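**Student:** To start, I am sharing the structure in question, which I have written as structure tokens.
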Amino acid sequence: MNVFKKDLGVHNFTWANLGDIKEGRGDLGVDMPVLVYRLMQYTMLDVLTKAHGEEAANDYFRAAGHLAGREFATHVLDLTVGFNEFIANLQKALRDFKIGILRIEQVDPDTGDLVLTVAQDLDCSGLPVTDETVCNYDEGFIAGILFAYSGKNYNVKEIDCWANGDRVCRFTGTVES
Amino acid sequence: MYSPNSAHLDVESLPEDFQKLGAGLVFFSDLLKELRDFEKDLARGELSGKMPGRDNELAARLKDLHASLKHLTWQTKQVASGDYSQRVEFMGEFSDAFNEMVAQLNSRTKALNDELKVVQAQAIDLARSNSLFESISSNITEWIVMIDRETGEHIFSNHPIKNDLNNEILEEQLFDILFSYIKDIDPSASTVTKQFPLVGDTEIQYFSAMLYPVHWREKDAVAVVLTDITKEKEVLKELEHIAYHDTLTGAYNRHYGMKLLSDWIEKNLHFVICFLDLDRLKYVNDAFGHNEGDNYIVSVSRILTRFSRNPYICRLGGDEFMILTSDCNQAEAEEKLERLREEMVAKEYANEDGSVTYKRSFSYGVVEVSGGNKIPTAELLSVADEKMYEYKKAHKAERNSKAKP
């Protein structure tokens with residue numbers, strides 16, 4: 001038994017689990033094609049769907065997105081600033097990390113409910129528009145970010161999606177009572 | 001297809017091979033209708049109407065536009081609430097115009113805020129200064145009033161003048177006096193100080209007014225600081241009385257008498273000097289004590305008040321008196337003094353316990369000083385003294401016989 005092997009704690013994700021990408025990819029660099037990201041994501045979805053059914057697979061994706069959103073917000077964004085500044089920072093971060101183009105359409109200052117769109121999304125832009133929601137990971141990702149900032153549980157739903165070249169999805173975020 | 005509201009295609013009536021095509025045309029017609037309704041809403045600025053469904057790929061670009069307008073609406077509200085971080089992207093020329101507008105608003109708001117901070121700081125300073133001024137002016141007992149030079153209008157007053165006046169009737173008199181000073185004041189003068197009395201029915205109040213010409217609120221005005229100096233005047237009068245009067249008799253003292261004599265000579269007045277000396281005061285002091293001696297001195301002082309209507313009676317010291325008067329000539333003065341002397345001599349005066357009586361009298365010498373007098377003061381007094389001495393010598397026998405108990 002290798003007693004020097006480090007316990008990476010794979011069952012409890014931490015930001016440290018991402019490793020030192022810059023050092024680890026000295027020649028190839030920190031970026032990679034979206035194609036590779038989606039190859040991993042959708043093959044995983046395929047496996048999960050076949051193993052646990054479509055609904056359960058979507059739930060796994062949504063939960064993974066939520067965890068990712070929380071970790072992303074916690075480690076990349078300043079959670080102490082006011083809402084306007086937080087949204088501005090979030091828009092910039094999503095662009096800088098090439099996750100998507102976020103646009104807020106509506107915010108209810110009393111309830112915290114909001115409506116937003118994400119264009120050129122990392123997960124689903126370029127996919128054919130169907131009647132079915134495909135942005136389950138995004139729903140979780142957005143809910144996780146909002147939870148990290150507000151401490152409130154958001155129920156985020158993709159309510160519309162269209163594409164003619166660029167794909168745009170509209171989401172509602174409702175604070176769960 | 002060009003009139004989707006009225007178009008109708010009965011798919012089932014079509015030959016079977018064309019029914020799928022017919023159904024496709026109906027679906028396409030529905031998409032077009034949905035698209036045209038959406039266009040109408042957008043054209044009216046209606047962003048909350050029914051949205052085309054996911055199947056309607058024809059509406060994708062318009063949905064992009066709709067999403068941009070929704071986002072833009074929110075951004076505009078954010079800008080209106082002061083969030084100048086908003087930037088429009090991917091909307092071509094409009095993005096540039098909007099972003100420039102927000103940048104300008106941000107810049108102007110910052111400039112206004114900076115200006116506001118300066119104004120607020122000035123307002124705070126002004127409020128402090130005003131508070132300080134109010135505190136000072138309200139705690140200063142003097143009355144401070146700003147008066148318009150042209151109209152006499154009161155522009156400012158730290159408290160009502162009635163507080164300082166014992167009689168309201170004096171208020172009008174006061175303002176008349178102040179306005180007369182203000183009209184005569186030289187605008188280039190730094191400060192003018194005036195003292196004046198206000199004469200009421202039963203009392204007189206004295207005031208000191210310091211007048212400062214100022215230019216205030218585009219008007220030539222005068223700031224007046226008014227102080228009630230009645231008490232000071234009373235104290236001054238008392239001090240003057242003490243300084244110029246003999247405490248025993250109430251007559252003028254030597255200092256005042258000599259000053260008056262010099263003034264009259266300097267002014268070339270025509271008057272008489274009466275030099276008086278009490279007879280045998282030493283004897284009274286020795287025989288009956290100094291209290292009796294003082295009574296003697298006071299009695300002479302009193303009788304001399306009847307010398308004329310307005311005599312200046314001065315006690316030069318000990319048993320010496322001097323009278324200065326311009327009411328009479330030398331002969332008349334001698335006549336009056338003689339009459340007063342005889343009146344005194346005719347009486348018997350008793351000592352304190354009434355056991356002994358004695359005579360009181362005085363000797364005098366009178367010198368008349370003409371308007372063109374060139375004789376020095378000391379010499380005039382010396383002449384009067386000599387005359388008095390001769391008089392005393394001449395009446396010594398008479399006095400000795402009458403004065404002895």
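So you can find residues: chains in the structure tokens are A, B, ... in the order shown, residues in each start at 1, and ligands are numbered from 1 in order.
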Tell me as a PyMOL selection string which residues belonging to chain B come within 7 Å of chain A, counting only C-alpha atoms.

**Tutor:** chain B and resi 54+57+60-61+70-71+74+83+85

**Student:** Save out the residues we just selected, C-alpha atoms, as a short mmCIF file (atom, residue, chain, number, x, y, z; two decimals), in the first residue's frame.

**Tutor:**
data_model
loop_
_atom_site.label_atom_id
_atom_site.label_comp_id
_atom_site.auth_asym_id
_atom_site.auth_seq_id
_atom_site.Cartn_x
_atom_site.Cartn_y
_atom_site.Cartn_z
CA ARG B 54 -39.54 27.11 -29.35
CA GLU B 57 -37.27 29.28 -35.75
CA ALA B 60 -35.35 33.59 -33.50
CA ARG B 61 -33.81 36.90 -34.61
CA LYS B 70 -35.89 43.56 -22.29
CA HIS B 71 -32.31 43.69 -21.08
CA TRP B 74 -33.70 46.76 -17.15
CA ASP B 83 -26.11 52.25 -11.56
CA SER B 85 -21.85 50.35 -14.56
#

**Student:** List the spatial neighbours of Thr174 (chain A) as a list of chain:residue names - criterion: any atom at most 10 Å away, only C-alpha atoms, same-chain residues fewer than 3 positions off excluded.

**Tutor:**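 So the residues in contact are A:Asp108, A:Thr111, A:Gly112, A:Asp113, A:Leu114, A:Val115, A:Ala143, A:Lys152, A:Asn153, A:Tyr154, A:Asn155, A:Val156, A:Lys157, A:Phe171, A:Ser177.
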
**Student:** Could you give me, as JSON, numbers by chain, the residues within 12 Å of Glu343 (chain B), counting only C-alpha atoms and dropping anything in the same chain fewer than 2 positions from it?

**Tutor:** {"B": [299, 300, 303, 304, 306, 336, 337, 338, 339, 340, 341, 345, 346, 347, 348, 359, 360, 361, 362]}

**Student:** Suppose we keep C-alpha atoms; can you now write the selection as a PDB file, in the first residue's frame?

**Tutor:**
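So result38.pdb came out as:
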ATOM      1  CA  SER B 299     -22.412 125.914  59.435  1.00  0.00           C
ATOM      2  CA  VAL B 300     -20.245 128.483  57.664  1.00  0.00           C
ATOM      3  CA  ILE B 303     -24.663 130.114  55.382  1.00  0.00           C
ATOM      4  CA  LEU B 304     -22.429 130.917  52.416  1.00  0.00           C
ATOM      5  CA  ARG B 306     -27.081 132.217  50.553  1.00  0.00           C
ATOM      6  CA  LYS B 336     -23.335 140.326  51.242  1.00  0.00           C
ATOM      7  CA  LEU B 337     -20.539 138.706  53.191  1.00  0.00           C
ATOM      8  CA  GLU B 338     -20.823 141.268  55.912  1.00  0.00           C
ATOM      9  CA  ARG B 339     -24.524 140.656  56.212  1.00  0.00           C
ATOM     10  CA  LEU B 340     -24.025 136.882  56.433  1.00  0.00           C
ATOM     11  CA  ARG B 341     -21.238 137.386  58.975  1.00  0.00           C
ATOM     12  CA  VAL B 345     -22.280 136.616  64.884  1.00  0.00           C
ATOM     13  CA  ALA B 346     -25.720 137.454  66.227  1.00  0.00           C
ATOM     14  CA  LYS B 347     -26.308 133.860  67.166  1.00  0.00           C
ATOM     15  CA  GLU B 348     -25.086 131.838  70.096  1.00  0.00           C
ATOM     16  CA  LYS B 359     -19.650 132.706  68.860  1.00  0.00           C
ATOM     17  CA  ARG B 360     -18.936 131.785  65.264  1.00  0.00           C
ATOM     18  CA  SER B 361     -17.737 134.221  62.657  1.00  0.00           C
ATOM     19  CA  PHE B 362     -15.458 134.547  59.715  1.00  0.00           C
TER      20      PHE B 362
END

**Student:** Please identify all polymer residues within 8 Å of region 363-379 of chain B, counting only C-alpha atoms, omitting same-chain residues fewer than 4 positions from it, and present them as a list in words.

**Tutor:** Leu261, Ser262, Ile265, Asn268, Leu269, His270, Phe271, Val272, Ile273, Cys274, Phe275, Leu276, Asp277, Leu278, Asp279, Asn329, Gln330, Ala333, Glu334, Leu337, Val383, Ala384, Asp385, Glu386, Lys387, Met388, Tyr389, Tyr391 and Lys392 of chain B

**Student:** Keeping only C-alpha atoms, write the selected residues to a file as a compact mmCIF listing (two decimals), in the first residue's frame.

**Tutor:**
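Writing done, so here's part.txt:
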# COMPACT_ATOMS: atom_id res chain seq x y z
CA LEU B 261 -10.26 130.15 39.00
CA SER B 262 -7.68 129.41 36.26
CA ILE B 265 -9.01 133.98 34.24
CA ASN B 268 -11.15 136.68 30.67
CA LEU B 269 -14.33 136.62 32.72
CA HIS B 270 -15.28 139.46 35.06
CA PHE B 271 -15.79 138.07 38.55
CA VAL B 272 -14.93 138.42 42.22
CA ILE B 273 -12.80 136.24 44.48
CA CYS B 274 -13.89 136.07 48.09
CA PHE B 275 -11.30 134.64 50.47
CA LEU B 276 -12.71 133.57 53.83
CA ASP B 277 -11.17 132.27 57.02
CA LEU B 278 -13.10 131.01 60.05
CA ASP B 279 -12.37 132.94 63.22
CA ASN B 329 -18.96 143.29 41.99
CA GLN B 330 -16.50 143.68 44.87
CA ALA B 333 -19.81 140.92 47.55
CA GLU B 334 -18.39 142.62 50.65
CA LEU B 337 -20.54 138.71 53.19
CA VAL B 383 -4.17 140.05 47.72
CA ALA B 384 -7.45 138.51 48.84
CA ASP B 385 -5.64 136.80 51.70
CA GLU B 386 -4.07 140.06 52.83
CA LYS B 387 -7.43 141.78 52.77
CA MET B 388 -8.88 138.96 54.81
CA TYR B 389 -6.05 139.21 57.31
CA TYR B 391 -10.26 142.35 58.21
CA LYS B 392 -9.53 139.71 60.82

**Student:** Go ahead and compute the interatomic distance for CA of Glu71 (chain A) and CA of Phe147 (chain A), in Å to one decimal.

**Tutor:**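 These atoms are spaced 10.6 Å apart.
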
**Student:** How far is it from CA of Asn17 (chain A) to CA of Asp59 (chain A), in Å with one decimal?

**Tutor:**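 Taking CA of Asn17 (chain A) and CA of Asp59 (chain A), their separation equals 22.5 Å.
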
**Student:** So that I can see what lies close to region 308-314 of chain B, please list as an MDAnalysis selection string the residues with an atom at most 8 Å from it, counting only C-alpha atoms and leaving out residues fewer than 3 positions away in the same chain.

**Tutor:** chainID B and resid 246 251:254 256:257 301 304:305 321:325 327

**Student:** Next, write the just-selected residues to a file, as a CSV table (one decimal), in the first residue's frame, keeping N, CA and C atoms as the atom set.

**Tutor:**
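So selection_19.csv came out as:
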chain,number,residue,atom,x,y,z
B,246,ASP,N,-15.7,118.7,48.6
B,246,ASP,CA,-15.2,118.5,50.0
B,246,ASP,C,-16.2,117.6,50.7
B,251,ALA,N,-19.1,121.4,49.7
B,251,ALA,CA,-18.7,122.5,48.9
B,251,ALA,C,-17.6,121.9,47.9
B,252,TYR,N,-17.3,122.7,46.9
B,252,TYR,CA,-16.2,122.3,46.0
B,252,TYR,C,-14.9,122.3,46.8
B,253,ASN,N,-14.0,121.4,46.4
B,253,ASN,CA,-12.7,121.3,47.1
B,253,ASN,C,-11.7,122.3,46.5
B,254,ARG,N,-10.5,122.2,47.0
B,254,ARG,CA,-9.4,123.2,46.6
B,254,ARG,C,-9.1,122.9,45.1
B,256,TYR,N,-10.8,121.7,42.7
B,256,TYR,CA,-11.8,122.3,41.7
B,256,TYR,C,-11.8,123.8,41.7
B,257,GLY,N,-11.7,124.4,42.9
B,257,GLY,CA,-11.7,125.8,43.1
B,257,GLY,C,-10.6,126.4,42.3
B,301,SER,N,-20.2,126.9,55.8
B,301,SER,CA,-20.5,126.5,54.5
B,301,SER,C,-21.9,126.7,54.1
B,304,LEU,N,-23.0,130.3,53.6
B,304,LEU,CA,-22.4,130.9,52.4
B,304,LEU,C,-23.3,130.6,51.2
B,305,THR,N,-24.0,129.5,51.3
B,305,THR,CA,-24.9,129.2,50.1
B,305,THR,C,-25.9,130.3,49.8
B,321,PHE,N,-12.1,129.2,53.1
B,321,PHE,CA,-13.1,129.0,52.0
B,321,PHE,C,-12.8,130.1,50.9
B,322,MET,N,-13.3,129.7,49.7
B,322,MET,CA,-13.2,130.7,48.6
B,322,MET,C,-14.5,130.7,47.9
B,323,ILE,N,-15.0,131.9,47.6
B,323,ILE,CA,-16.2,132.0,46.7
B,323,ILE,C,-15.8,132.7,45.4
B,324,LEU,N,-16.2,132.0,44.4
B,324,LEU,CA,-16.1,132.7,43.0
B,324,LEU,C,-17.4,132.9,42.5
B,325,THR,N,-17.7,134.2,42.1
B,325,THR,CA,-19.0,134.5,41.5
B,325,THR,C,-18.9,135.6,40.5
B,327,ASP,N,-21.8,137.1,39.8
B,327,ASP,CA,-23.2,137.7,40.0
B,327,ASP,C,-23.1,139.1,40.6

**Student:** Quick one: distance from CA of Tyr149 (chain A) to CA of Ala73 (chain A) in Å, one decimal?

**Tutor:**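 Distance reported for this atom pair: 7.5 Å.
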
**Student:** Just list the residues in region 158-232 of chain B DSSP gives strand (DSSP E or B) on the backbone, as a PyMOL selection string.

**Tutor:** chain B and resi 192-199+204-216+219-228

**Student:** Would you mind exporting the chosen residues as a short mmCIF file (atom, residue, chain, number, x, y, z; two decimals), in the first residue's frame, restricted to C-alpha atoms?

**Tutor:**
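Dumped to selection.cif:
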data_model
loop_
_atom_site.label_atom_id
_atom_site.label_comp_id
_atom_site.auth_asym_id
_atom_site.auth_seq_id
_atom_site.Cartn_x
_atom_site.Cartn_y
_atom_site.Cartn_z
CA VAL B 192 -17.52 106.55 14.91
CA THR B 193 -18.35 106.58 18.60
CA LYS B 194 -21.12 108.72 20.04
CA GLN B 195 -22.55 109.14 23.52
CA PHE B 196 -25.96 110.61 24.11
CA PRO B 197 -28.73 110.77 26.70
CA LEU B 198 -32.33 109.74 26.19
CA VAL B 199 -34.48 111.98 28.31
CA ILE B 204 -32.41 109.84 31.85
CA GLN B 205 -30.69 106.91 30.15
CA TYR B 206 -27.22 107.32 28.70
CA PHE B 207 -26.07 105.32 25.69
CA SER B 208 -22.82 104.81 23.83
CA ALA B 209 -23.17 104.03 20.11
CA MET B 210 -20.32 102.65 18.00
CA LEU B 211 -21.14 103.09 14.33
CA TYR B 212 -19.41 101.00 11.65
CA PRO B 213 -20.15 101.89 8.01
CA VAL B 214 -20.54 98.62 6.03
CA HIS B 215 -21.67 97.49 2.59
CA TRP B 216 -24.09 94.62 3.14
CA LYS B 219 -26.74 98.30 0.45
CA ASP B 220 -24.80 101.00 2.23
CA ALA B 221 -25.57 100.34 5.83
CA VAL B 222 -24.27 101.16 9.27
CA ALA B 223 -23.80 98.60 11.99
CA VAL B 224 -24.57 100.14 15.35
CA VAL B 225 -23.45 98.61 18.63
CA LEU B 226 -25.48 100.28 21.34
CA THR B 227 -24.49 100.07 24.99
CA ASP B 228 -26.46 101.36 27.94
#

**Student:** I need the residues of region 14-111 of chain A that end up classed as alpha helix (DSSP H) by DSSP on the backbone, written out as a VMD selection string.

**Tutor:** chain A and resid 21 to 24 34 to 52 54 to 76 83 to 96

**Student:** For Val34 (chain A), which residue out of A:Phe86, A:Tyr60, A:Trp15, A:Phe97 is the nearest one, using only C-alpha atoms?

**Tutor:**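 Looking only at the distances to Val34 (chain A), the closest residue turns out to be A:Phe97.
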
**Student:** Give me the residues within 12 Å of Ala63 (chain A) as number ranges by chain, counting only C-alpha atoms and dropping any in the same chain fewer than 3 places off.

**Tutor:** A: 56-60, 66-70, 136-144, 155-156

**Student:** Now that the selection is made, can you save its residues with C-alpha atoms as a PDB file, in the first residue's frame?

**Tutor:**
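This went into again-v8.pdb:
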ATOM      1  CA  ALA A  56     -32.496  11.252 -12.625  1.00  0.00           C
ATOM      2  CA  ALA A  57     -29.638  12.102 -15.011  1.00  0.00           C
ATOM      3  CA  ASN A  58     -30.986  15.640 -15.418  1.00  0.00           C
ATOM      4  CA  ASP A  59     -31.244  15.933 -11.636  1.00  0.00           C
ATOM      5  CA  TYR A  60     -27.606  14.870 -11.287  1.00  0.00           C
ATOM      6  CA  HIS A  66     -25.434  24.010  -8.379  1.00  0.00           C
ATOM      7  CA  LEU A  67     -22.221  22.858  -6.713  1.00  0.00           C
ATOM      8  CA  ALA A  68     -20.161  24.330  -9.529  1.00  0.00           C
ATOM      9  CA  GLY A  69     -22.054  27.644  -9.321  1.00  0.00           C
ATOM     10  CA  ARG A  70     -21.495  27.889  -5.571  1.00  0.00           C
ATOM     11  CA  ASN A 136     -30.201  21.488 -16.703  1.00  0.00           C
ATOM     12  CA  TYR A 137     -26.588  22.050 -15.741  1.00  0.00           C
ATOM     13  CA  ASP A 138     -27.023  25.809 -16.382  1.00  0.00           C
ATOM     14  CA  GLU A 139     -30.126  25.920 -14.210  1.00  0.00           C
ATOM     15  CA  GLY A 140     -28.156  24.478 -11.343  1.00  0.00           C
ATOM     16  CA  PHE A 141     -25.131  26.667 -12.065  1.00  0.00           C
ATOM     17  CA  ILE A 142     -27.181  29.881 -11.935  1.00  0.00           C
ATOM     18  CA  ALA A 143     -29.058  28.747  -8.804  1.00  0.00           C
ATOM     19  CA  GLY A 144     -25.730  27.930  -7.125  1.00  0.00           C
ATOM     20  CA  ASN A 155     -35.553  27.563  -8.247  1.00  0.00           C
ATOM     21  CA  VAL A 156     -34.072  28.334 -11.677  1.00  0.00           C
TER      22      VAL A 156
END
